[in-house]
Amino acid sequence: MNKDLLKMEDLSKDEILDILNLGDQLKYELKHGIKHHHLEGKTLGMIFEKSSTRTRVSFEAGMYQLGGYPLFLSSSDLQIGRGEPIQDTSRVLSRYLNGIMIRTFAQDEVNSLAESSSIPIINGLTDDEHPCQVLADLMTIREKKNTFDGLKVTYIGDGNNMAQSLIVGCLTVGMNISLAIPQNYMVKDYYIKKGQELSKNNNLNFIIVNNPEDAIKDADVVITDVWASMGKENEVNERLADFSAYQVNSKIMSLAKDDAIVLHCLPAHREEEITEEILEKHADTIFEEAENRLHVQKAILVKLVK
Ligand code: CP
Ligand code: NVA
């Protein structure tokens, strides 16, 4: 396993399966009161340059449950907020901590942190990727469908961090993926090339289209995400108009398989990317997905920080 988890492509299929298996085990142990203090005496720094509910609380609770200690570090309180270079911050923090989880804007910032630190760095969301979320999504899909082989995942919405990590994650574990994304909000070329390469090597289908109806036919898993990610708040009105045909609602869901599940990383904007009706119909799965952040991230921490 690499020192860090910066992008989905840092993990091979076997490494993903190892993390998911350990996540399942930790979930079972937690529910049965079996202590698992794998990280006794270890400290995790959590740097946040964007808001968070799930990522912050699940990493923080997870570290406690593993017998370790989490430190919440808001970038506005750190000297980073006053211009201290990330390379200096990371060299200092490497001497105090056993790992860092960071949520920020530019992927390059996370990459620089990883290059200049001697401790594991975990990407807790950048503009490019959200690997911890996609690992929780994979854990949830396997729980609900018992397999990845041959499943079809459809993502409808913005070509954002979730879309990009899903392309790599789904194709790596053996699922087909189709995405419906408006032309002006496409994923980066890098992820189109990566998707083409992975689908070819693994004999899977990978398509990106503009029309949701062309993507969702016979899907086993339907995924969406907010139309305006953190950092895009000033584009909200324009995006509401541009994405109006990309809503996950009962009409579009009627084209997916009858037993299709719906995932949403949350927070959700009801009646925008997903209707209240569909969100509530699939709430058991969506909130299980949110819970699985805790279990899968504990597995990541055990693998990287131990
Ligand atoms: N899904 C997710 O990452 O949620 P938060 O922004 O609340 O951490
Ligand atoms: N794409 C969203 C995910 C939030 C968890 C964002 O970046 O804001």
# chains A, B, ... in the order shown; residues from 1 in each chain; ligands from 1

$ residues_near_ligand --ligand "ligand 1" --cutoff "12 Å" --atoms "only C-alpha atoms and all ligand atoms" --output "JSON, numbers by chain"
{"A": [46, 48, 49, 50, 51, 52, 53, 54, 55, 56, 57, 58, 59, 60, 101, 102, 103, 104, 123, 124, 125, 126, 127, 129, 130, 131, 132, 133, 134, 135, 136, 137, 161, 162, 224, 225, 226, 229, 230, 263, 264, 265, 266, 267, 268, 286, 287, 289, 290, 291, 292, 293, 294, 297]}

$ select_by_dssp --residues "range 7-212 of chain A" --states "helix (DSSP H, G or I)" --output "ChimeraX atom specification"
/A:8-10,13-31,54-65,79-82,86-93,107-116,131-145,161-173,183-185,189-202,212

$ residues_around --residues "Pro212 in chain A" --least-positions-apart "2" --cutoff "7 Å" --atoms "only C-alpha atoms" --output "count of residues only"
7

$ closest_residue --among "A:Ile192, A:Ile167, A:Val305, A:Ile119" --to "Arg95 in chain A" --atoms "only C-alpha atoms"
A:Ile119

$ residues_around --residues "Gly67 in chain A" --least-positions-apart "3" --cutoff "6 Å" --atoms "only C-alpha atoms" --output "compact mmCIF listing (two decimals) with N, CA, C and O atoms, in the first residue's frame"
# COMPACT_ATOMS: atom_id res chain seq x y z
N HIS A 37 -8.75 -1.42 19.60
CA HIS A 37 -7.84 -0.29 19.82
C HIS A 37 -6.54 -0.46 19.02
O HIS A 37 -5.46 -0.54 19.59
N LEU A 39 -5.08 1.65 17.18
CA LEU A 39 -4.26 2.86 17.05
C LEU A 39 -4.00 3.53 18.40
O LEU A 39 -3.91 4.75 18.51
N GLU A 40 -3.84 2.67 19.44
CA GLU A 40 -3.53 3.16 20.79
C GLU A 40 -2.31 4.09 20.73
O GLU A 40 -1.28 3.71 20.15
N TYR A 64 -11.20 7.88 18.02
CA TYR A 64 -11.46 7.51 19.43
C TYR A 64 -11.74 6.02 19.54
O TYR A 64 -11.23 5.34 20.42

$ select_by_dssp --residues "range 164-218 of chain A" --states "strand (DSSP E)" --output "ChimeraX atom specification"
/A:176-180,206-209

$ write_last_selection --atoms "all heavy atoms" --output "PDB file, in the first residue's frame"
ATOM      1  N   ASN A 176     -19.296  -1.643 -14.253  1.00  0.00           N
ATOM      2  CA  ASN A 176     -19.461  -0.749 -15.401  1.00  0.00           C
ATOM      3  C   ASN A 176     -19.956   0.591 -14.881  1.00  0.00           C
ATOM      4  O   ASN A 176     -20.675   0.638 -13.884  1.00  0.00           O
ATOM      5  CB  ASN A 176     -20.506  -1.327 -16.356  1.00  0.00           C
ATOM      6  CG  ASN A 176     -20.140  -2.731 -16.788  1.00  0.00           C
ATOM      7  OD1 ASN A 176     -19.144  -2.936 -17.481  1.00  0.00           O
ATOM      8  ND2 ASN A 176     -20.929  -3.714 -16.353  1.00  0.00           N
ATOM      9  N   ILE A 177     -19.604   1.665 -15.570  1.00  0.00           N
ATOM     10  CA  ILE A 177     -20.119   2.972 -15.131  1.00  0.00           C
ATOM     11  C   ILE A 177     -20.507   3.837 -16.330  1.00  0.00           C
ATOM     12  O   ILE A 177     -19.774   3.908 -17.323  1.00  0.00           O
ATOM     13  CB  ILE A 177     -19.128   3.713 -14.188  1.00  0.00           C
ATOM     14  CG1 ILE A 177     -19.759   5.040 -13.697  1.00  0.00           C
ATOM     15  CG2 ILE A 177     -17.779   3.951 -14.824  1.00  0.00           C
ATOM     16  CD1 ILE A 177     -19.054   5.665 -12.505  1.00  0.00           C
ATOM     17  N   SER A 178     -21.697   4.449 -16.215  1.00  0.00           N
ATOM     18  CA  SER A 178     -22.129   5.425 -17.214  1.00  0.00           C
ATOM     19  C   SER A 178     -22.392   6.728 -16.471  1.00  0.00           C
ATOM     20  O   SER A 178     -22.884   6.711 -15.337  1.00  0.00           O
ATOM     21  CB  SER A 178     -23.399   4.956 -17.914  1.00  0.00           C
ATOM     22  OG  SER A 178     -24.439   4.815 -16.971  1.00  0.00           O
ATOM     23  N   LEU A 179     -22.023   7.832 -17.091  1.00  0.00           N
ATOM     24  CA  LEU A 179     -22.226   9.133 -16.453  1.00  0.00           C
ATOM     25  C   LEU A 179     -22.983  10.048 -17.399  1.00  0.00           C
ATOM     26  O   LEU A 179     -22.709  10.051 -18.612  1.00  0.00           O
ATOM     27  CB  LEU A 179     -20.886   9.794 -16.073  1.00  0.00           C
ATOM     28  CG  LEU A 179     -20.001   8.979 -15.103  1.00  0.00           C
ATOM     29  CD1 LEU A 179     -18.966   8.189 -15.882  1.00  0.00           C
ATOM     30  CD2 LEU A 179     -19.312   9.874 -14.095  1.00  0.00           C
ATOM     31  N   ALA A 180     -23.944  10.803 -16.848  1.00  0.00           N
ATOM     32  CA  ALA A 180     -24.640  11.834 -17.628  1.00  0.00           C
ATOM     33  C   ALA A 180     -24.261  13.184 -17.035  1.00  0.00           C
ATOM     34  O   ALA A 180     -24.601  13.491 -15.884  1.00  0.00           O
ATOM     35  CB  ALA A 180     -26.147  11.633 -17.556  1.00  0.00           C
ATOM     36  N   PHE A 206     -17.621   1.871 -20.071  1.00  0.00           N
ATOM     37  CA  PHE A 206     -17.471   3.219 -19.496  1.00  0.00           C
ATOM     38  C   PHE A 206     -17.968   4.197 -20.537  1.00  0.00           C
ATOM     39  O   PHE A 206     -17.407   4.279 -21.629  1.00  0.00           O
ATOM     40  CB  PHE A 206     -15.982   3.467 -19.176  1.00  0.00           C
ATOM     41  CG  PHE A 206     -15.630   4.914 -18.941  1.00  0.00           C
ATOM     42  CD1 PHE A 206     -16.243   5.634 -17.920  1.00  0.00           C
ATOM     43  CD2 PHE A 206     -14.678   5.559 -19.720  1.00  0.00           C
ATOM     44  CE1 PHE A 206     -15.910   6.969 -17.697  1.00  0.00           C
ATOM     45  CE2 PHE A 206     -14.340   6.885 -19.502  1.00  0.00           C
ATOM     46  CZ  PHE A 206     -14.957   7.584 -18.488  1.00  0.00           C
ATOM     47  N   ILE A 207     -19.080   4.885 -20.212  1.00  0.00           N
ATOM     48  CA  ILE A 207     -19.556   5.897 -21.167  1.00  0.00           C
ATOM     49  C   ILE A 207     -19.896   7.186 -20.419  1.00  0.00           C
ATOM     50  O   ILE A 207     -20.322   7.165 -19.259  1.00  0.00           O
ATOM     51  CB  ILE A 207     -20.807   5.447 -21.982  1.00  0.00           C
ATOM     52  CG1 ILE A 207     -21.971   5.074 -21.062  1.00  0.00           C
ATOM     53  CG2 ILE A 207     -20.502   4.316 -22.928  1.00  0.00           C
ATOM     54  CD1 ILE A 207     -23.326   5.204 -21.758  1.00  0.00           C
ATOM     55  N   ILE A 208     -19.665   8.297 -21.115  1.00  0.00           N
ATOM     56  CA  ILE A 208     -20.115   9.596 -20.599  1.00  0.00           C
ATOM     57  C   ILE A 208     -20.981  10.213 -21.682  1.00  0.00           C
ATOM     58  O   ILE A 208     -20.544  10.332 -22.840  1.00  0.00           O
ATOM     59  CB  ILE A 208     -18.953  10.553 -20.266  1.00  0.00           C
ATOM     60  CG1 ILE A 208     -17.953   9.889 -19.321  1.00  0.00           C
ATOM     61  CG2 ILE A 208     -19.498  11.826 -19.629  1.00  0.00           C
ATOM     62  CD1 ILE A 208     -16.901  10.828 -18.753  1.00  0.00           C
ATOM     63  N   VAL A 209     -22.218  10.560 -21.299  1.00  0.00           N
ATOM     64  CA  VAL A 209     -23.147  11.160 -22.264  1.00  0.00           C
ATOM     65  C   VAL A 209     -23.705  12.445 -21.650  1.00  0.00           C
ATOM     66  O   VAL A 209     -23.481  12.738 -20.471  1.00  0.00           O
ATOM     67  CB  VAL A 209     -24.304  10.188 -22.593  1.00  0.00           C
ATOM     68  CG1 VAL A 209     -23.812   8.993 -23.379  1.00  0.00           C
ATOM     69  CG2 VAL A 209     -25.018   9.724 -21.320  1.00  0.00           C
TER      70      VAL A 209
END

$ atom_distance --atom1 "CA of Ser12 in chain A" --atom2 "CA of Val222 in chain A"
23.7 Å
